[in-house]
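J.: One structure coming up, written as structure tokens, with questions to follow.
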Amino acid sequence: SAVPDVVAAGDVVRVPQPLAGGARMALGHWTNAVEQGAAAAAALLAGQDPDGTPAPFRAVPSFWSDLHGARIRSVGLPGAADETRVVEHDLTGRRLEIAYHREGRLVGALTVGRTGRLASYRRALEEHLASGTV
């Protein structure tokens, strides 16, 4: 639970994830730690919302890795999905695109060899988070 006047950031910090139904999760990837650090600094510099609660952390989780010459990228929380949709699967071309949904709403995407396609998924997830429609 939240502790008044305490700000934390990093790989072990558990924050509510709207894409996972509000479940508190720790995301162990360096991009998450960097984004949390920036949000923590902003919270310390700007203070709190008018009602006294800290502004929620709403960054879209992401990670990437290069394995055996394949670039793997992910946004959102594929593990929170209850439905997986394979958009593209090209074994010989080493390309893969998967969209993950929870209760009909996009919660994540994963690509292999299709880095450019991830931007539209990230924008959709950012819009969902900003509007509170997740």
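Residues are named by chain letter and number: chains run A, B, ... in the order of the structure tokens, numbers start at 1 in each chain, and ligands are numbered from 1 in the order shown.
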Set the distance at 12 Å and use only C-alpha atoms: which residues neighbour Arg105 (chain A) once local chain neighbours fewer than 2 positions away are removed? I'd like the list as a VMD selection string.

T.: chain A and resid 18 to 21 76 to 78 80 to 85 99 to 103 107 to 109 121 124 to 125 128 to 129 133 to 134

J.: Please determine, counting only C-alpha atoms, which residue among A:Arg117, A:Arg24, A:His89, A:His29 has the shortest atom-to-atom distance to Trp64 (chain A).

T.: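 Checking each of A:Arg117, A:Arg24, A:His89, A:His29 against Trp64 (chain A), counting only C-alpha atoms, the winner is A:His29.
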
J.: Could you tell me how far CA of Thr111 (chain A) sits from CA of Ser74 (chain A), in Å to one decimal place?

T.: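 So the two atoms, CA of Ser74 (chain A) and CA of Thr111 (chain A), lie 6.4 Å apart.
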
J.: Which parts of chain A does DSSP call alpha helix (DSSP H) when run on the backbone here, written out as a PyMOL selection string?

T.: chain A and resi 30-46+118-131

J.: Between CA of Leu27 (chain A) and CA of Asp11 (chain A), what is the distance, to one decimal in Å?

T.: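 That distance, rounded to one decimal, is 5.9 Å.
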
J.: Counting only C-alpha atoms, figure out which residue out of A:Ala38, A:Leu106, A:Ala43, A:Ala33 gets nearest to Glu126 (chain A).

T.: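 Nearest candidate to Glu126 (chain A) out of A:Ala38, A:Leu106, A:Ala43, A:Ala33: A:Leu106.
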
J.: Write out as number ranges by chain which residues come within 12 Å of Trp30 (chain A) when counting only C-alpha atoms, dropping same-chain ones fewer than 3 positions away.

T.: A: 9-12, 26-27, 33-37, 61-65

J.: Could you work out how far CA of Thr115 (chain A) lies from CA of Val15 (chain A), giving the answer in Å with one decimal?

T.: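 Spanning CA of Val15 (chain A) to CA of Thr115 (chain A) is a straight-line distance of 27.1 Å.
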
J.: From chain A, collect each residue whose DSSP state is strand (DSSP E) and return the set as JSON, numbers by chain.

T.: {"A": [15, 16, 17, 23, 24, 25, 62, 63, 64, 65, 66, 67, 70, 71, 72, 73, 74, 75, 76, 83, 84, 85, 86, 87, 88, 89, 90, 95, 96, 97, 98, 99, 100, 101, 102, 105, 106, 107, 108, 109, 110, 111, 112]}
